[in-house]
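Here is final.cif, consisting of mmCIF, C-alpha atoms:
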```
data_data
loop_
_atom_site.label_atom_id
_atom_site.label_comp_id
_atom_site.auth_asym_id
_atom_site.auth_seq_id
_atom_site.Cartn_x
_atom_site.Cartn_y
_atom_site.Cartn_z
CA MET A 931 95.65 51.24 83.74
CA ASN A 932 92.00 51.23 84.59
CA THR A 933 90.13 49.26 81.93
CA SER A 934 86.84 48.85 83.77
CA GLN A 935 83.69 49.76 81.85
CA PRO A 936 81.25 52.43 83.10
CA ARG A 937 78.70 50.95 85.50
CA HIS A 938 75.16 51.69 84.37
CA ILE A 939 72.53 52.02 87.09
CA ASP A 940 68.78 51.84 86.90
CA ARG A 941 66.44 54.50 88.14
CA GLU A 942 65.76 52.81 91.46
CA THR A 943 69.45 52.59 92.28
CA ALA A 944 70.02 56.22 91.34
CA GLU A 945 67.12 57.33 93.52
CA ARG A 946 68.48 55.33 96.43
CA LEU A 947 71.95 56.87 96.05
CA LEU A 948 70.49 60.35 96.07
CA ASP A 949 68.34 59.64 99.12
CA ARG A 950 71.30 58.25 101.08
CA ALA A 951 73.39 61.26 100.15
CA ALA A 952 70.69 63.65 101.33
CA ALA A 953 70.31 61.70 104.60
CA GLY A 954 74.08 61.63 105.20
CA SER A 955 74.16 57.83 105.40
CA ALA A 956 76.64 57.18 102.60
CA ARG A 957 79.00 54.22 102.92
CA ALA A 958 82.55 55.21 103.84
CA ASP A 959 84.02 52.90 101.19
CA ASP A 960 81.86 54.05 98.28
CA PRO A 961 83.56 56.97 96.41
CA LEU A 962 80.44 57.88 94.43
CA ALA A 963 78.28 57.93 97.54
CA LEU A 964 80.82 60.11 99.33
CA LEU A 965 80.87 62.45 96.35
CA LEU A 966 77.08 62.75 96.42
CA THR A 967 77.12 63.38 100.17
CA ALA A 968 79.61 66.18 99.69
CA ALA A 969 77.50 67.52 96.87
CA ALA A 970 74.40 67.55 99.04
CA ALA A 971 76.01 69.82 101.64
CA PRO A 972 75.51 73.60 101.41
CA GLY A 973 78.09 75.28 99.22
CA ASP A 974 80.20 78.30 99.91
CA ALA A 975 81.62 80.93 97.56
CA GLY A 976 84.98 79.20 97.30
CA GLU A 977 83.41 75.88 96.33
CA LEU A 978 81.11 77.44 93.76
CA SER A 979 83.98 79.05 91.85
CA GLY A 980 84.62 77.11 88.67
CA GLU A 981 81.08 75.71 88.59
CA ASP A 982 80.68 75.86 84.83
CA LEU A 983 83.82 73.90 84.02
CA ALA A 984 83.11 71.23 86.61
CA VAL A 985 79.49 70.79 85.53
CA ALA A 986 80.54 70.43 81.92
CA ALA A 987 83.16 67.85 82.86
CA PHE A 988 80.87 65.74 85.06
CA THR A 989 77.94 65.96 82.68
CA ALA A 990 80.13 64.74 79.84
CA GLN A 991 81.42 61.87 81.99
CA LEU A 992 77.96 60.82 83.18
CA ALA A 993 76.61 60.94 79.66
CA GLY A 994 79.30 58.47 78.59
CA SER A 995 80.76 57.94 75.15
CA PRO A 996 78.54 56.83 72.23
CA ALA A 997 80.04 53.35 72.42
CA HIS A 998 78.73 52.89 75.97
CA ALA A 999 75.48 54.83 75.68
CA PRO A 1000 72.51 53.02 77.23
CA ALA A 1001 69.59 51.88 75.19
CA PRO A 1002 66.96 54.54 74.42
CA GLY A 1003 64.84 55.22 77.47
CA HIS A 1004 67.07 53.24 79.84
CA ALA A 1005 67.54 55.06 83.17
CA ARG A 1006 67.35 58.47 81.45
CA PRO A 1007 65.04 60.09 84.04
CA ALA A 1008 67.33 59.08 86.89
CA ARG A 1009 70.38 60.13 84.94
CA ARG A 1010 68.87 63.52 84.20
CA ARG A 1011 67.95 64.02 87.83
CA LEU A 1012 71.42 62.98 88.91
CA ALA A 1013 73.01 65.40 86.45
CA ARG A 1014 70.77 68.24 87.62
CA HIS A 1015 71.55 67.50 91.23
CA LEU A 1016 75.26 67.39 90.57
CA SER A 1017 75.16 70.64 88.63
CA LEU A 1018 74.14 72.43 91.82
CA LYS A 1019 77.01 71.24 93.97
CA VAL A 1020 79.62 69.01 92.38
CA ALA A 1021 81.19 72.01 90.67
CA GLY A 1022 81.90 73.52 94.08
CA VAL A 1023 83.40 70.28 95.39
CA ALA A 1024 85.61 69.99 92.30
CA ALA A 1025 86.85 73.56 92.56
CA ALA A 1026 87.51 73.27 96.28
CA LEU A 1027 89.55 70.10 95.85
CA ALA A 1028 91.38 71.52 92.85
CA GLY A 1029 92.30 74.55 94.93
CA VAL A 1030 94.41 72.38 97.25
CA GLY A 1031 96.05 70.56 94.38
CA VAL A 1032 93.87 67.41 94.48
CA ALA A 1033 92.53 66.05 91.22
CA LEU A 1034 88.88 65.27 91.84
CA ALA A 1035 88.72 62.58 89.19
CA ALA A 1036 91.65 60.72 90.69
CA ALA A 1037 90.38 61.08 94.26
CA THR A 1038 86.93 59.65 93.56
CA GLY A 1039 87.69 57.23 90.77
CA VAL A 1040 84.73 58.57 88.77
CA PHE A 1041 86.97 59.22 85.76
CA SER A 1042 88.83 56.17 84.47
CA SER A 1043 92.39 56.56 83.21
CA THR A 1044 91.24 55.63 79.74
CA SER A 1045 88.55 58.32 79.56
CA PRO A 1046 89.36 61.30 77.35
CA SER A 1047 89.26 64.73 78.92
CA PRO A 1048 85.98 66.56 78.25
CA ALA A 1049 86.27 69.45 75.84
CA GLY A 1050 87.20 72.63 77.63
CA ALA A 1051 88.11 70.87 80.90
CA PRO A 1052 91.50 71.67 82.38
CA THR A 1053 94.18 69.04 82.01
CA ALA A 1054 95.79 67.35 84.98
CA GLY A 1055 98.13 69.60 86.87
CA ALA A 1056 96.93 72.78 85.15
CA PRO A 1057 96.43 75.62 87.65
CA THR A 1058 93.27 76.81 85.91
CA VAL A 1059 90.40 77.92 88.11
CA GLY A 1060 86.98 78.42 86.57
CA THR A 1061 84.84 81.53 86.66
CA SER A 1062 81.52 81.40 88.41
CA GLN A 1063 78.34 82.36 86.60
CA GLY A 1064 80.00 81.37 83.33
CA GLY A 1065 81.63 84.75 82.95
CA GLN A 1066 85.12 85.62 81.80
CA PRO A 1067 87.01 87.99 84.11
CA SER A 1068 88.28 91.05 82.34
CA PRO A 1069 91.98 91.93 82.36
CA GLY A 1070 91.10 94.95 84.46
CA HIS A 1071 89.16 95.22 87.69
CA THR A 1072 86.42 92.67 88.12
CA GLY A 1073 85.47 93.41 91.72
CA ALA A 1074 82.13 92.28 93.10
CA THR A 1075 78.98 91.52 91.17
CA ALA A 1076 75.69 93.29 91.64
CA GLY A 1077 74.49 90.41 93.79
CA GLY A 1078 77.29 90.90 96.26
CA ARG A 1079 79.41 87.91 95.25
CA THR A 1080 82.94 88.75 94.24
CA ALA A 1081 84.12 87.66 90.84
CA SER A 1082 85.54 84.18 91.09
CA PRO A 1083 89.29 83.65 90.76
CA GLY A 1084 90.91 82.84 87.48
CA ALA A 1085 89.41 82.41 84.06
CA SER A 1086 87.52 79.57 82.45
CA ALA A 1087 88.12 78.11 79.04
CA THR A 1088 87.26 80.35 76.14
CA ALA A 1089 84.30 79.71 73.89
CA GLY A 1090 86.49 77.63 71.60
CA GLY A 1091 87.68 75.44 74.47
CA THR A 1092 91.15 77.01 74.67
CA PRO A 1093 92.31 77.87 78.22
CA ALA A 1094 92.53 81.58 78.91
CA ALA A 1095 95.89 83.25 79.39
CA PRO A 1096 97.44 82.73 82.84
CA VAL A 1097 97.41 86.45 83.57
CA THR A 1098 93.65 86.47 83.00
CA GLN A 1099 93.22 83.68 85.52
CA LEU A 1100 95.32 85.54 88.07
CA THR A 1101 93.38 88.77 87.57
CA GLY A 1102 90.31 87.21 89.15
CA LEU A 1103 92.33 85.77 92.03
CA CYS A 1104 93.92 89.16 92.73
CA THR A 1105 90.55 90.88 92.72
CA GLU A 1106 89.09 88.26 95.04
CA VAL A 1107 91.99 88.61 97.49
CA ALA A 1108 91.36 92.36 97.63
CA GLY A 1109 87.64 91.72 98.09
CA HIS A 1110 88.21 89.36 101.02
CA VAL A 1111 90.57 91.85 102.67
CA ALA A 1112 88.04 94.65 102.24
CA LYS A 1113 85.35 92.52 103.86
CA LEU A 1114 87.63 91.61 106.77
CA GLU A 1115 88.28 95.28 107.36
CA GLY A 1116 84.59 96.14 107.21
CA SER A 1117 84.51 97.88 103.83
CA THR A 1118 81.05 99.27 103.13
CA THR A 1119 81.76 98.98 99.42
CA GLN A 1120 82.24 95.23 99.60
CA ALA A 1121 79.38 94.83 102.03
CA SER A 1122 77.05 96.42 99.49
CA GLY A 1123 78.43 94.33 96.63
CA GLN A 1124 79.98 97.27 94.76
CA THR A 1125 83.09 96.99 92.64
CA LEU A 1126 86.29 98.13 94.34
CA SER A 1127 87.87 101.18 92.73
CA ALA A 1128 91.55 101.33 91.82
CA THR A 1129 92.17 103.14 95.10
CA GLY A 1130 90.19 100.53 97.02
CA LEU A 1131 92.13 97.69 95.39
CA THR A 1132 95.45 99.38 96.17
CA GLN A 1133 94.49 99.95 99.81
CA ALA A 1134 93.26 96.39 100.22
CA LEU A 1135 96.43 94.89 98.74
CA ALA A 1136 98.56 97.07 101.00
CA SER A 1137 96.78 95.73 104.10
CA PRO A 1138 98.53 93.23 106.40
CA ALA A 1139 95.33 91.18 106.17
CA VAL A 1140 96.44 89.97 102.73
CA GLY A 1141 98.66 87.41 104.41
CA THR A 1142 95.69 86.00 106.29
CA VAL A 1143 93.57 85.73 103.16
CA LEU A 1144 96.37 84.02 101.23
CA THR A 1145 96.46 81.13 103.69
CA SER A 1146 93.41 79.76 101.89
CA PRO A 1147 94.41 77.00 99.43
CA VAL A 1148 92.14 78.67 96.87
CA PHE A 1149 94.92 81.23 96.31
CA ALA A 1150 97.78 78.71 96.05
CA THR A 1151 98.07 79.34 92.31
CA LEU A 1152 98.43 83.09 92.84
CA THR A 1153 101.03 82.69 95.56
CA SER A 1154 103.01 80.31 93.38
CA ALA A 1155 102.92 82.70 90.42
CA ALA A 1156 104.17 85.58 92.58
CA GLY A 1157 106.98 83.47 94.03
CA ALA A 1158 105.92 84.05 97.64
CA ALA A 1159 102.97 85.37 99.62
CA THR A 1160 104.89 88.57 100.40
CA ASN A 1161 105.13 89.27 96.65
CA VAL A 1162 101.41 88.91 95.98
CA PRO A 1163 100.40 92.56 96.72
CA ASP A 1164 102.90 94.00 94.24
CA TYR A 1165 102.27 91.27 91.67
CA CYS A 1166 98.53 91.83 91.86
CA ALA A 1167 99.04 95.57 91.48
CA LEU A 1168 100.91 94.86 88.25
CA VAL A 1169 98.34 92.35 87.02
CA LEU A 1170 95.46 94.72 87.76
CA GLY A 1171 97.25 97.72 86.27
CA LEU A 1172 97.06 99.79 89.46
CA PRO A 1173 98.79 103.19 89.46
CA SER A 1174 101.11 102.33 92.36
CA LEU A 1175 102.63 99.34 94.10
CA PRO A 1176 101.66 98.53 97.70
CA GLN A 1177 105.24 97.51 98.55
CA PRO A 1178 107.45 98.96 95.79
CA GLY A 1179 110.62 97.88 97.55
CA LEU A 1180 109.74 94.23 96.93
CA VAL A 1181 109.12 94.43 93.20
CA ALA A 1182 112.68 93.35 92.48
CA SER A 1183 112.00 90.04 94.22
CA LEU A 1184 109.19 89.09 91.86
CA PRO A 1185 110.07 86.11 89.64
CA ARG A 1186 111.14 87.21 86.18
CA THR A 1187 108.93 84.54 84.71
CA ALA A 1188 105.94 86.16 86.41
CA LEU A 1189 106.83 89.61 85.14
CA ALA A 1190 107.56 88.31 81.66
CA ALA A 1191 104.06 86.78 81.58
CA LEU A 1192 102.40 90.17 81.94
CA PRO A 1193 101.10 91.47 78.61
CA VAL A 1194 102.51 94.70 77.26
CA SER A 1195 98.99 96.15 77.32
CA LEU A 1196 99.18 96.08 81.14
CA LEU A 1197 102.79 97.16 81.47
CA VAL A 1198 102.37 100.32 79.41
CA LYS A 1199 99.69 101.53 81.83
CA LEU A 1200 102.09 101.54 84.76
CA PRO A 1201 103.71 104.82 85.83
CA ALA A 1202 107.36 105.36 85.01
CA SER A 1203 108.26 105.10 88.70
CA VAL A 1204 106.98 101.52 88.73
CA LEU A 1205 108.40 100.54 85.36
CA ALA A 1206 111.80 101.82 86.47
CA GLN A 1207 111.92 99.00 89.02
CA LEU A 1208 111.38 96.22 86.49
CA PRO A 1209 114.29 94.23 85.08
CA ALA A 1210 115.68 94.98 81.63
CA SER A 1211 114.41 91.64 80.35
CA VAL A 1212 110.86 92.94 80.84
CA LEU A 1213 111.47 96.53 79.75
CA VAL A 1214 112.78 95.54 76.33
CA ARG A 1215 109.25 94.43 75.44
CA LEU A 1216 107.83 97.92 75.91
CA PRO A 1217 107.26 100.33 73.01
CA ALA A 1218 109.70 103.16 72.47
CA ALA A 1219 107.18 105.80 73.54
CA THR A 1220 106.89 104.15 76.97
CA LEU A 1221 110.62 103.59 77.39
CA ALA A 1222 111.28 107.23 76.57
CA THR A 1223 109.60 108.22 79.84
CA LEU A 1224 112.09 106.27 81.95
CA PRO A 1225 115.13 107.82 83.67
CA ALA A 1226 118.47 107.65 81.87
CA SER A 1227 119.85 105.46 84.66
CA VAL A 1228 117.24 102.82 83.79
CA LEU A 1229 117.65 103.15 80.04
CA ALA A 1230 121.37 102.59 80.48
CA THR A 1231 120.63 98.98 81.45
CA LEU A 1232 118.95 98.23 78.12
CA PRO A 1233 120.74 96.73 75.12
CA ALA A 1234 121.87 99.01 72.28
CA SER A 1235 119.36 97.41 69.91
CA THR A 1236 116.52 98.65 72.14
CA LEU A 1237 118.02 102.06 72.73
CA ALA A 1238 118.33 102.50 68.98
CA THR A 1239 114.53 102.63 68.77
CA LEU A 1240 114.25 105.59 71.15
CA PRO A 1241 114.01 109.26 70.13
CA ALA A 1242 117.12 111.39 70.47
CA SER A 1243 115.55 113.30 73.35
CA ALA A 1244 115.57 110.13 75.45
CA LEU A 1245 119.20 109.32 74.66
CA VAL A 1246 120.92 112.61 75.49
CA GLY A 1247 121.15 111.81 79.19
CA LEU A 1248 122.77 108.40 78.76
CA PRO A 1249 126.33 107.85 79.98
CA THR A 1250 129.05 108.22 77.36
CA SER A 1251 129.94 104.55 77.67
CA VAL A 1252 126.40 103.62 76.67
CA LEU A 1253 126.16 106.13 73.82
CA ALA A 1254 129.39 104.83 72.37
CA LYS A 1255 127.71 101.48 71.70
CA LEU A 1256 124.90 102.93 69.59
CA PRO A 1257 124.91 102.64 65.80
CA VAL A 1258 126.39 105.57 63.87
CA ALA A 1259 123.02 106.28 62.28
CA ILE A 1260 121.53 106.83 65.75
CA LEU A 1261 124.44 108.93 66.98
CA ALA A 1262 124.04 111.18 63.97
CA THR A 1263 120.64 112.26 65.28
CA LEU A 1264 122.00 113.46 68.63
CA PRO A 1265 122.64 117.14 69.34
CA PRO A 1266 126.24 118.46 69.14
CA ALA A 1267 126.46 118.96 72.91
CA THR A 1268 125.82 115.24 73.43
CA LEU A 1269 128.19 114.14 70.66
CA ALA A 1270 130.93 116.32 72.12
CA ARG A 1271 131.12 113.90 75.06
CA LEU A 1272 131.96 110.92 72.88
CA PRO A 1273 135.52 109.63 72.53
CA VAL A 1274 137.49 110.46 69.38
CA SER A 1275 137.36 106.85 68.24
CA VAL A 1276 133.58 107.09 68.06
CA LEU A 1277 133.43 110.58 66.57
CA ALA A 1278 135.73 109.50 63.78
CA LYS A 1279 132.97 107.22 62.48
CA LEU A 1280 130.44 110.00 62.08
CA PRO A 1281 129.74 111.56 58.67
CA PRO A 1282 131.43 114.92 57.88
CA SER A 1283 128.08 116.73 57.83
CA VAL A 1284 127.55 115.76 61.48
CA LEU A 1285 131.11 116.51 62.54
CA ALA A 1286 130.82 119.94 61.01
CA THR A 1287 128.31 120.86 63.71
CA LEU A 1288 130.72 120.11 66.57
CA PRO A 1289 132.70 122.76 68.43
CA ILE A 1290 136.20 123.53 67.15
CA SER A 1291 137.59 122.38 70.49
CA VAL A 1292 136.27 118.91 69.71
CA LEU A 1293 137.24 118.85 66.03
CA GLU A 1294 140.87 119.70 66.67
CA LYS A 1295 141.20 116.36 68.49
CA LEU A 1296 140.25 114.35 65.41
CA PRO A 1297 142.90 112.68 63.25
CA PRO A 1298 143.94 114.49 60.00
CA SER A 1299 142.38 111.81 57.85
CA VAL A 1300 138.99 112.62 59.35
CA LEU A 1301 139.46 116.41 59.29
CA ALA A 1302 140.40 116.28 55.64
CA LYS A 1303 136.82 115.31 54.81
CA LEU A 1304 135.29 118.36 56.48
CA PRO A 1305 134.04 121.36 54.49
CA ILE A 1306 136.64 124.11 53.81
CA SER A 1307 134.49 126.58 55.73
CA VAL A 1308 134.87 124.45 58.83
CA LEU A 1309 138.60 123.80 58.34
CA ALA A 1310 139.24 127.50 58.06
CA LYS A 1311 138.26 127.85 61.71
CA LEU A 1312 140.85 125.36 62.96
CA PRO A 1313 144.04 126.63 64.59
CA PRO A 1314 147.24 126.72 62.42
CA SER A 1315 148.80 123.91 64.47
CA VAL A 1316 145.97 121.61 63.43
CA LEU A 1317 145.84 122.77 59.82
CA ALA A 1318 149.55 122.08 59.50
CA THR A 1319 148.83 118.36 59.88
CA LEU A 1320 146.46 118.26 56.89
CA PRO A 1321 147.48 117.01 53.45
CA ILE A 1322 148.72 119.65 50.94
CA SER A 1323 145.81 118.75 48.65
CA VAL A 1324 143.46 120.00 51.36
CA LEU A 1325 145.49 123.06 52.40
CA GLU A 1326 145.70 124.47 48.91
CA LYS A 1327 141.91 124.85 48.98
CA LEU A 1328 141.98 127.15 51.99
CA PRO A 1329 141.58 130.90 51.50
CA PRO A 1330 144.83 133.02 51.45
CA SER A 1331 143.94 134.66 54.74
CA VAL A 1332 143.99 131.26 56.44
CA LEU A 1333 147.12 130.03 54.63
CA ALA A 1334 148.93 133.16 55.75
CA THR A 1335 148.71 131.93 59.32
CA LEU A 1336 150.59 128.72 58.56
CA PRO A 1337 154.28 128.36 59.37
CA PRO A 1338 156.81 128.73 56.44
CA SER A 1339 157.73 125.04 56.76
CA VAL A 1340 154.21 124.17 55.67
CA LEU A 1341 153.71 126.93 53.09
CA GLN A 1342 156.83 126.00 51.12
CA LYS A 1343 155.14 122.70 50.28
CA LEU A 1344 152.29 124.46 48.47
CA PRO A 1345 152.36 124.82 44.67
CA PRO A 1346 153.53 128.23 43.25
CA SER A 1347 150.03 128.96 41.95
CA VAL A 1348 148.74 128.93 45.52
CA LEU A 1349 151.72 130.78 47.03
CA SER A 1350 151.33 133.59 44.53
CA THR A 1351 148.03 134.50 46.18
CA LEU A 1352 149.71 135.18 49.50
CA PRO A 1353 150.88 138.60 50.69
CA THR A 1354 154.55 139.53 50.08
CA SER A 1355 155.07 139.83 53.82
CA VAL A 1356 154.26 136.12 54.14
CA LEU A 1357 156.28 135.01 51.12
CA SER A 1358 159.34 136.87 52.38
CA LYS A 1359 159.61 134.29 55.15
CA LEU A 1360 160.02 131.45 52.66
CA PRO A 1361 163.41 130.04 51.59
CA PRO A 1362 165.25 132.19 48.93
CA ALA A 1363 164.93 129.49 46.28
CA ILE A 1364 161.11 129.58 46.55
CA GLN A 1365 161.10 133.41 46.55
CA SER A 1366 163.22 133.39 43.41
CA GLU A 1367 160.88 130.95 41.75
CA LEU A 1368 158.01 133.26 42.59
CA GLY A 1369 159.92 136.23 41.09
CA LEU A 1370 160.50 138.00 44.34
#
```
Can you give me the file's structure in the form of structure tokens?
Amino acid sequence: MNTSQPRHIDRETAERLLDRAAAGSARADDPLALLLTAAAAPGDAGELSGEDLAVAAFTAQLAGSPAHAPAPGHARPARRRLARHLSLKVAGVAAALAGVGVALAAATGVFSSTSPSPAGAPTAGAPTVGTSQGGQPSPGHTGATAGGRTASPGASATAGGTPAAPVTQLTGLCTEVAGHVAKLEGSTTQASGQTLSATGLTQALASPAVGTVLTSPVFATLTSAAGAATNVPDYCALVLGLPSLPQPGLVASLPRTALAALPVSLLVKLPASVLAQLPASVLVRLPAATLATLPASVLATLPASTLATLPASALVGLPTSVLAKLPVAILATLPPATLARLPVSVLAKLPPSVLATLPISVLEKLPPSVLAKLPISVLAKLPPSVLATLPISVLEKLPPSVLATLPPSVLQKLPPSVLSTLPTSVLSKLPPAIQSELGL
């Protein structure tokens, strides 16, 4: 563990360090001098991304903790000049090194292992990339600024010091990839500093030049999130909420963790043709209104608990094997034509009021115990062979015209009060003992 105390320098020493850095005569074994030399070199757009976070971190480190603060007036002018000088360039050096996975503090030794992380600075190993000009990239299209510089990749810490959501960080990276591709292909929009439209972003991400742009270590975080460079175009299309995927055939190869990280607010904006290619583990997060637009073949992959939230109109096309797993309360909302496809074991669980709407050809397959609960008006439509299986307590409630169609072996079980309502031509077919009892 590094327990060394911060080394305070006087104004003369600070001035000398700055002069050597500007002249390019820094010592090869002096990390601070090398840092200042790098800071003195002209910066490029990649280095300047993340300027705000890096400046805040280095300013906090140079200022030191209260316990090690110098005496009032001691070396303050030099320190202020050093901080101002660093604010112009060190941020770019930090972002560039961070882009290739190198921790600037560890590489230069400027931060000791006992120093606390400055508020809002990313922790070690975090793939956070700052936003240039102190701006937060929006979840949508950020594109290029009015000055011609594309929005920097990623997102900086929020005003409260909490890191922005990963998808927000990746939005900036995706937009910058598209911007670089557009410039490589001579886009007049990018040349004039205008924001790329949704069509422009889609076309840029579909270009083979994306692979060339992604070779830059600045986009290592994006490539890692997408699982592979070949997945980046489709992943960026999802992140940016574009209406179509550049390579829709590859969407299935996107890591589920990457898809699961996308907020529902982005997913619901995608067309059904794109959503249909996402795994069920992602689809279950979508609202019922969005799921209802998907094909039945896709809905069939969802769990019954999710399907139960959908309107009946979205369920009618599901396979019978899937419908059979739905709760009875949900099945009861389906139209008779859909219910008619269900197996008897499932129909038997439905309430009589629902069964009463089914065709007679379906009802006659139900067990007597279920039919017995149906309204008399419905039973009266069943064929005699089916009615004959019903309990006598149910048959005696049927109208005489229906009872007259039953075989004598069934009628003779009815009470005399019911038989007396039947025509003589029907009663004459009963055993003599029953006819005698009826006074025939």
Residue IDs satisfying the PyMOL selection byres ((chain A and resi 1279-1291) around 12), as a PyMOL selection string: chain A and resi 1254+1256-1278+1292-1297+1299-1313+1316
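Residue nearest Ser1251 in chain A, chosen from A:Thr1231, A:Ser1127, A:Thr1105, A:Gln1099 and counting all atoms listed in the file: A:Thr1231.
Here CA of Pro1217 in chain A and CA of Leu1135 in chain A stand 28.4 Å from one another.
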Å distance separating CA of Ala1222 in chain A from CA of Pro1163 in chain A, one decimal place: 27.2 Å
Target residues per the PyMOL selection byres ((chain A and resi 1337) around 10), formatted as an MDAnalysis selection string: chainID A and resid 1314:1315 1318 1333:1336 1338:1342 1356 1359:1360
Interatomic distance, CA of Pro1147 in chain A to CA of Leu1197 in chain A (Å, one decimal): 28.3 Å
Close residues, Ala1244 in chain A itself excluded, 10 Å, only C-alpha atoms, min 3 positions apart in chain, as a PyMOL selection string: chain A and resi 1218-1219+1221-1226+1229+1237+1240-1241+1247-1248+1264
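If you measure from each of A:Val1214, A:Ala1108, A:Cys1166, A:Leu1344 to Thr1153 in chain A using only C-alpha atoms, the closest one turns out to be A:Cys1166.
Put simply, the PyMOL selection byres ((chain A and resi 1167-1175) around 6) on this file hits Gly1070, Asp1164, Tyr1165, Cys1166, Pro1176, Gln1177, Pro1178, Leu1196 and Leu1200 of chain A.
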Any chance you could work out the axis-aligned box around range 1267-1286 of chain A, listed atoms only, 5 Å on each side, giving centre and edge lengths in Å to one decimal, as lines of an AutoDock Vina configuration file?
```
center_x = 131.7
center_y = 113.4
center_z = 66.4
size_x = 21.7
size_y = 23.1
size_z = 27.2
```
